[in-house]
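Colleague: This is the content of final-v2.pdb (PDB, C-alpha atoms):
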ATOM      1  CA  MET Y 965      28.601  68.489-195.211  1.00  0.00           C
ATOM      2  CA  VAL Y 966      25.464  70.385-194.389  1.00  0.00           C
ATOM      3  CA  ARG Y 967      23.085  71.173-197.201  1.00  0.00           C
ATOM      4  CA  ILE Y 968      21.827  74.738-197.122  1.00  0.00           C
ATOM      5  CA  LEU Y 969      18.457  75.304-198.744  1.00  0.00           C
ATOM      6  CA  SER Y 970      17.695  78.823-199.813  1.00  0.00           C
ATOM      7  CA  PHE Y 971      14.283  80.426-199.714  1.00  0.00           C
ATOM      8  CA  GLY Y 972      14.515  83.827-201.394  1.00  0.00           C
ATOM      9  CA  ILE Y 973      17.238  85.670-199.511  1.00  0.00           C
ATOM     10  CA  LEU Y 974      16.987  83.592-196.346  1.00  0.00           C
ATOM     11  CA  ALA Y 975      18.731  80.276-195.833  1.00  0.00           C
ATOM     12  CA  ILE Y 976      17.841  77.943-192.987  1.00  0.00           C
ATOM     13  CA  PHE Y 977      20.037  75.109-191.817  1.00  0.00           C
ATOM     14  CA  ALA Y 978      20.098  72.947-188.755  1.00  0.00           C
ATOM     15  CA  LEU Y 979      23.063  71.828-186.694  1.00  0.00           C
ATOM     16  CA  GLY Y 980      22.019  69.472-183.948  1.00  0.00           C
ATOM     17  CA  ALA Y 981      19.156  71.083-182.080  1.00  0.00           C
ATOM     18  CA  GLN Y 982      19.878  74.628-183.272  1.00  0.00           C
ATOM     19  CA  SER Y 983      18.443  76.324-186.326  1.00  0.00           C
ATOM     20  CA  VAL Y 984      20.210  79.302-187.845  1.00  0.00           C
ATOM     21  CA  GLN Y 985      18.943  81.727-190.474  1.00  0.00           C
ATOM     22  CA  LEU Y 986      21.449  83.377-192.779  1.00  0.00           C
ATOM     23  CA  PRO Y 987      20.961  85.679-195.747  1.00  0.00           C
ATOM     24  CA  ILE Y 988      21.968  83.774-198.890  1.00  0.00           C
ATOM     25  CA  GLN Y 989      21.039  83.796-202.544  1.00  0.00           C
ATOM     26  CA  GLU Y 990      21.719  80.286-203.797  1.00  0.00           C
ATOM     27  CA  THR Y 991      21.957  76.691-202.643  1.00  0.00           C
ATOM     28  CA  GLN Y 992      25.467  75.611-201.727  1.00  0.00           C
ATOM     29  CA  ASP Y 993      27.360  72.919-199.873  1.00  0.00           C
ATOM     30  CA  VAL Y 994      29.251  74.113-196.810  1.00  0.00           C
ATOM     31  CA  ALA Y 995      31.856  72.137-194.874  1.00  0.00           C
ATOM     32  CA  VAL Y 996      31.056  72.326-191.163  1.00  0.00           C
ATOM     33  CA  PRO Y 997      33.650  71.247-188.586  1.00  0.00           C
ATOM     34  CA  ALA Y 998      32.668  68.368-186.316  1.00  0.00           C
ATOM     35  CA  GLU Y 999      31.025  69.471-183.103  1.00  0.00           C
ATOM     36  CA  ILE Y1000      32.885  68.602-179.912  1.00  0.00           C
ATOM     37  CA  PRO Y1001      30.823  68.182-176.768  1.00  0.00           C
ATOM     38  CA  ALA Y1002      32.022  70.317-173.867  1.00  0.00           C
ATOM     39  CA  GLU Y1003      31.275  70.215-170.171  1.00  0.00           C
ATOM     40  CA  VAL Y1004      31.323  73.643-168.563  1.00  0.00           C
ATOM     41  CA  ILE Y1005      32.281  73.934-164.908  1.00  0.00           C
ATOM     42  CA  ALA Y1006      32.715  77.272-163.138  1.00  0.00           C
ATOM     43  CA  VAL Y1007      35.862  77.086-160.998  1.00  0.00           C
ATOM     44  CA  GLU Y1008      36.091  79.725-158.299  1.00  0.00           C
ATOM     45  CA  ASN Y1009      39.332  78.547-156.711  1.00  0.00           C
ATOM     46  CA  ILE Y1010      41.820  76.603-158.823  1.00  0.00           C
ATOM     47  CA  ALA Y1011      43.679  75.194-155.776  1.00  0.00           C
ATOM     48  CA  ASP Y1012      40.457  73.691-154.374  1.00  0.00           C
ATOM     49  CA  PHE Y1013      39.530  72.322-157.801  1.00  0.00           C
ATOM     50  CA  LEU Y1014      42.921  70.597-158.180  1.00  0.00           C
ATOM     51  CA  SER Y1015      42.758  69.077-154.697  1.00  0.00           C
ATOM     52  CA  GLU Y1016      39.268  67.722-155.486  1.00  0.00           C
ATOM     53  CA  ASN Y1017      40.488  66.338-158.833  1.00  0.00           C
ATOM     54  CA  PRO Y1018      43.883  64.688-158.247  1.00  0.00           C
ATOM     55  CA  GLY Y1019      45.821  63.686-161.340  1.00  0.00           C
ATOM     56  CA  LEU Y1020      44.772  66.667-163.442  1.00  0.00           C
ATOM     57  CA  GLU Y1021      47.572  68.512-165.126  1.00  0.00           C
ATOM     58  CA  VAL Y1022      47.042  72.240-165.492  1.00  0.00           C
ATOM     59  CA  VAL Y1023      48.918  74.034-168.247  1.00  0.00           C
ATOM     60  CA  GLU Y1024      48.408  77.774-168.504  1.00  0.00           C
ATOM     61  CA  LEU Y1025      48.049  79.126-172.030  1.00  0.00           C
ATOM     62  CA  LYS Y1026      50.311  81.953-173.047  1.00  0.00           C
ATOM     63  CA  ALA Y1027      48.537  85.221-173.689  1.00  0.00           C
ATOM     64  CA  GLU Y1028      49.373  86.967-176.932  1.00  0.00           C
ATOM     65  CA  GLN Y1029      49.920  90.689-176.781  1.00  0.00           C
ATOM     66  CA  ARG Y1030      48.446  92.185-179.893  1.00  0.00           C
ATOM     67  CA  ALA Y1031      49.096  95.653-181.095  1.00  0.00           C
ATOM     68  CA  GLN Y1032      46.590  98.395-180.609  1.00  0.00           C
ATOM     69  CA  ILE Y1033      46.254 101.404-182.839  1.00  0.00           C
ATOM     70  CA  ARG Y1034      45.946 104.785-181.152  1.00  0.00           C
ATOM     71  CA  ARG Y1035      45.241 108.016-183.036  1.00  0.00           C
ATOM     72  CA  TYR Y1036      46.038 111.505-181.805  1.00  0.00           C
ATOM     73  CA  THR Y1037      45.131 114.819-183.462  1.00  0.00           C
ATOM     74  CA  LEU Y1038      45.824 118.492-182.898  1.00  0.00           C
ATOM     75  CA  GLY Y1039      44.138 121.331-184.796  1.00  0.00           C
ATOM     76  CA  GLN Y1040      42.037 120.684-187.867  1.00  0.00           C
ATOM     77  CA  ARG Y1041      42.364 120.603-191.624  1.00  0.00           C
ATOM     78  CA  VAL Y1042      41.690 123.968-193.277  1.00  0.00           C
ATOM     79  CA  SER Y1043      40.988 125.007-196.831  1.00  0.00           C
ATOM     80  CA  GLY Y1044      44.190 125.148-198.868  1.00  0.00           C
ATOM     81  CA  ASP Y1045      46.387 123.190-196.497  1.00  0.00           C
ATOM     82  CA  ARG Y1046      48.291 120.128-197.596  1.00  0.00           C
ATOM     83  CA  LEU Y1047      50.528 117.447-196.161  1.00  0.00           C
ATOM     84  CA  GLN Y1048      53.838 119.161-195.399  1.00  0.00           C
ATOM     85  CA  ALA Y1049      55.834 116.425-193.671  1.00  0.00           C
ATOM     86  CA  VAL Y1050      55.658 112.801-192.544  1.00  0.00           C
ATOM     87  CA  SER Y1051      57.778 111.130-189.882  1.00  0.00           C
ATOM     88  CA  ARG Y1052      57.771 107.356-189.367  1.00  0.00           C
ATOM     89  CA  GLY Y1053      59.415 104.927-186.988  1.00  0.00           C
ATOM     90  CA  SER Y1054      59.168 101.220-186.270  1.00  0.00           C
ATOM     91  CA  PHE Y1055      60.649  99.408-183.278  1.00  0.00           C
ATOM     92  CA  THR Y1056      60.020  95.932-181.811  1.00  0.00           C
ATOM     93  CA  TRP Y1057      61.489  94.371-178.658  1.00  0.00           C
ATOM     94  CA  PRO Y1058      61.166  90.919-177.035  1.00  0.00           C
ATOM     95  CA  THR Y1059      60.414  92.523-173.639  1.00  0.00           C
ATOM     96  CA  LEU Y1060      58.379  95.521-172.498  1.00  0.00           C
ATOM     97  CA  HIS Y1061      59.888  98.936-173.175  1.00  0.00           C
ATOM     98  CA  ASN Y1062      59.061 102.589-172.671  1.00  0.00           C
ATOM     99  CA  ALA Y1063      59.586 104.374-175.967  1.00  0.00           C
ATOM    100  CA  ALA Y1064      59.564 108.002-177.027  1.00  0.00           C
ATOM    101  CA  ALA Y1065      60.154 109.824-180.290  1.00  0.00           C
ATOM    102  CA  THR Y1066      60.527 113.566-180.782  1.00  0.00           C
ATOM    103  CA  VAL Y1067      59.278 115.048-184.064  1.00  0.00           C
ATOM    104  CA  ARG Y1068      60.319 118.567-185.124  1.00  0.00           C
ATOM    105  CA  PHE Y1069      58.968 120.499-188.104  1.00  0.00           C
ATOM    106  CA  SER Y1070      59.501 124.027-189.392  1.00  0.00           C
ATOM    107  CA  GLY Y1071      58.347 125.621-192.619  1.00  0.00           C
ATOM    108  CA  ALA Y1072      54.690 126.145-193.469  1.00  0.00           C
ATOM    109  CA  ILE Y1073      52.081 127.452-191.028  1.00  0.00           C
ATOM    110  CA  VAL Y1074      50.873 124.341-189.173  1.00  0.00           C
ATOM    111  CA  SER Y1075      47.111 123.676-189.297  1.00  0.00           C
ATOM    112  CA  HIS Y1076      46.745 120.041-188.278  1.00  0.00           C
ATOM    113  CA  VAL Y1077      48.814 117.211-186.807  1.00  0.00           C
ATOM    114  CA  ARG Y1078      47.753 113.569-187.016  1.00  0.00           C
ATOM    115  CA  VAL Y1079      49.731 110.852-185.219  1.00  0.00           C
ATOM    116  CA  THR Y1080      48.994 107.128-185.478  1.00  0.00           C
ATOM    117  CA  VAL Y1081      50.745 104.790-183.033  1.00  0.00           C
ATOM    118  CA  GLN Y1082      50.662 101.012-183.055  1.00  0.00           C
ATOM    119  CA  GLN Y1083      51.717  99.504-179.734  1.00  0.00           C
ATOM    120  CA  THR Y1084      50.993  96.488-177.511  1.00  0.00           C
ATOM    121  CA  SER Y1085      49.701  98.517-174.570  1.00  0.00           C
ATOM    122  CA  ASN Y1086      47.228 101.344-174.191  1.00  0.00           C
ATOM    123  CA  LEU Y1087      49.699 103.454-172.216  1.00  0.00           C
ATOM    124  CA  GLY Y1088      50.954 106.430-174.128  1.00  0.00           C
ATOM    125  CA  ARG Y1089      50.484 110.048-175.053  1.00  0.00           C
ATOM    126  CA  VAL Y1090      51.531 112.733-177.510  1.00  0.00           C
ATOM    127  CA  TYR Y1091      52.287 116.296-176.408  1.00  0.00           C
ATOM    128  CA  THR Y1092      53.784 119.441-177.919  1.00  0.00           C
ATOM    129  CA  ILE Y1093      57.007 120.821-176.510  1.00  0.00           C
ATOM    130  CA  SER Y1094      57.318 123.929-178.705  1.00  0.00           C
ATOM    131  CA  GLY Y1095      55.495 125.776-181.459  1.00  0.00           C
ATOM    132  CA  GLY Y1096      52.020 124.661-182.429  1.00  0.00           C
ATOM    133  CA  ILE Y1097      48.961 125.273-184.564  1.00  0.00           C
ATOM    134  CA  GLY Y1098      49.077 128.604-186.430  1.00  0.00           C
ATOM    135  CA  GLN Y1099      52.865 128.790-186.116  1.00  0.00           C
ATOM    136  CA  ARG Y1100      55.641 127.981-188.580  1.00  0.00           C
ATOM    137  CA  ALA Y1101      57.161 125.321-186.341  1.00  0.00           C
ATOM    138  CA  ILE Y1102      56.056 122.536-184.051  1.00  0.00           C
ATOM    139  CA  ALA Y1103      57.845 119.935-181.968  1.00  0.00           C
ATOM    140  CA  PHE Y1104      56.088 117.114-180.168  1.00  0.00           C
ATOM    141  CA  VAL Y1105      56.895 113.924-178.293  1.00  0.00           C
ATOM    142  CA  ILE Y1106      55.226 110.568-178.973  1.00  0.00           C
ATOM    143  CA  GLU Y1107      55.354 108.210-175.983  1.00  0.00           C
ATOM    144  CA  ALA Y1108      54.377 104.558-175.617  1.00  0.00           C
ATOM    145  CA  ARG Y1109      54.910 102.820-172.285  1.00  0.00           C
ATOM    146  CA  SER Y1110      55.115  99.124-171.405  1.00  0.00           C
ATOM    147  CA  THR Y1111      55.044  98.026-175.020  1.00  0.00           C
ATOM    148  CA  LYS Y1112      56.813  95.433-177.140  1.00  0.00           C
ATOM    149  CA  GLN Y1113      56.046  97.313-180.346  1.00  0.00           C
ATOM    150  CA  PHE Y1114      56.229 101.009-181.209  1.00  0.00           C
ATOM    151  CA  ILE Y1115      55.275 101.953-184.748  1.00  0.00           C
ATOM    152  CA  PHE Y1116      54.314 105.547-185.438  1.00  0.00           C
ATOM    153  CA  THR Y1117      53.386 107.816-188.315  1.00  0.00           C
ATOM    154  CA  ALA Y1118      53.206 111.556-187.716  1.00  0.00           C
ATOM    155  CA  GLU Y1119      51.625 113.726-190.422  1.00  0.00           C
ATOM    156  CA  ILE Y1120      51.879 117.505-190.340  1.00  0.00           C
ATOM    157  CA  PHE Y1121      49.523 119.583-192.460  1.00  0.00           C
ATOM    158  CA  GLY Y1122      49.876 123.280-193.198  1.00  0.00           C
ATOM    159  CA  ARG Y1123      49.968 126.048-195.787  1.00  0.00           C
TER     160      ARG Y1123
END
Could you express the structure from this file as structure tokens?

Modeller:
Amino acid sequence: MVRILSFGILAIFALGAQSVQLPIQETQDVAVPAEIPAEVIAVENIADFLSENPGLEVVELKAEQRAQIRRYTLGQRVSGDRLQAVSRGSFTWPTLHNAAATVRFSGAIVSHVRVTVQQTSNLGRVYTISGGIGQRAIAFVIEARSTKQFIFTAEIFGR
């Protein structure tokens, strides 16, 4: 436990040789994990490092691919428009995939399209294939490439 002493809205506590100031309003006890000493060595060539240090076992950590959220828009909201249609899809694969979804809408005069895509790569695009802003119909394709996850929401606004 480290005891934090507050002085007005500033708290000062020391961990080893470092002092840290944090905004705080009252005295409290905080559990601090034990510090582990670390030796930092810059390795420029792993093969040379291993030959100079026999007996070391190197295990590569697995990278985690996390989803990224991408937002696409076309047109803009206008006075009197409202949400006319929503299209959603959710797909997950154990290996990389190229995915595409086609969304088609007809009815109100389209003023704005907002597409949100969650995917594990930053490779993708959205493009219209017919109709558009100011028209009574629109069709567009949502693409995500080299992804393990493809989750999309397409919102179409109009009046």

Colleague: Suppose a student applies the PyMOL selection byres ((chain Y and resi 1115) around 7) to this structure; what residues should they get, written as a ChimeraX atom specification?

Modeller: /Y:1053-1055,1081-1083,1113-1114,1116

Colleague: Which residues match the PyMOL selection byres ((chain Y and resi 1033) around 9) in the file above, as a PyMOL selection string?

Modeller: chain Y and resi 1031-1032+1034-1035+1080-1084+1086

Colleague: What separation in Å, quoted to one decimal, exists between atom CA of Y:Glu1008 and atom CA of Y:Ser1085?

Modeller: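 Separation of atom CA of Y:Glu1008 and atom CA of Y:Ser1085: 28.3 Å.
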
Colleague: For this file, the PyMOL selection byres ((chain Y and resi 1110) around 6) selects which residues, as a ChimeraX atom specification?

Modeller: /Y:1060-1062,1109,1111

Colleague: Env of stretch 1095-1099 of chain Y: 9 Å cut, atoms = all atoms listed in the file, seq-sep filter 3 positions within chain, self excluded. Answer as a list in words.

Modeller: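 In the requested format, the answer is Leu1038, Gly1039, Gln1040, Ser1070, Ala1072, Ile1073, Val1074, Ser1075, His1076, Val1077, Thr1092, Ile1102, Ala1103, Phe1104 and Gly1122 of chain Y.
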
Colleague: State, in Å with one decimal place, the distance from atom CA of Y:Ala1064 to atom CA of Y:Ala1101.

Modeller: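 About the pair atom CA of Y:Ala1064 and atom CA of Y:Ala1101: they are 19.8 Å apart.
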
Colleague: For atom CA of Y:Gly1044 and atom CA of Y:Gly1071, determine how far apart the two atoms are, in Å to one decimal place.

Modeller: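 Rounded to one decimal, the two atoms are 15.5 Å apart.
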
Colleague: Here is a test: counting all atoms listed in the file, which residue of Y:Thr1056, Y:Tyr1036, Y:Leu1047, Y:Ala1065 is nearest to Y:Val1079?

Modeller: Y:Tyr1036

Colleague: Compare Y:Ser1094, Y:Arg1123, Y:Glu1021, Y:Ala1118 by their minimum atom-to-atom distance to Y:Ala1049, counting all atoms listed in the file, and give me the closest one.

Modeller: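 Of all the options, Y:Ala1118 lies closest to Y:Ala1049.
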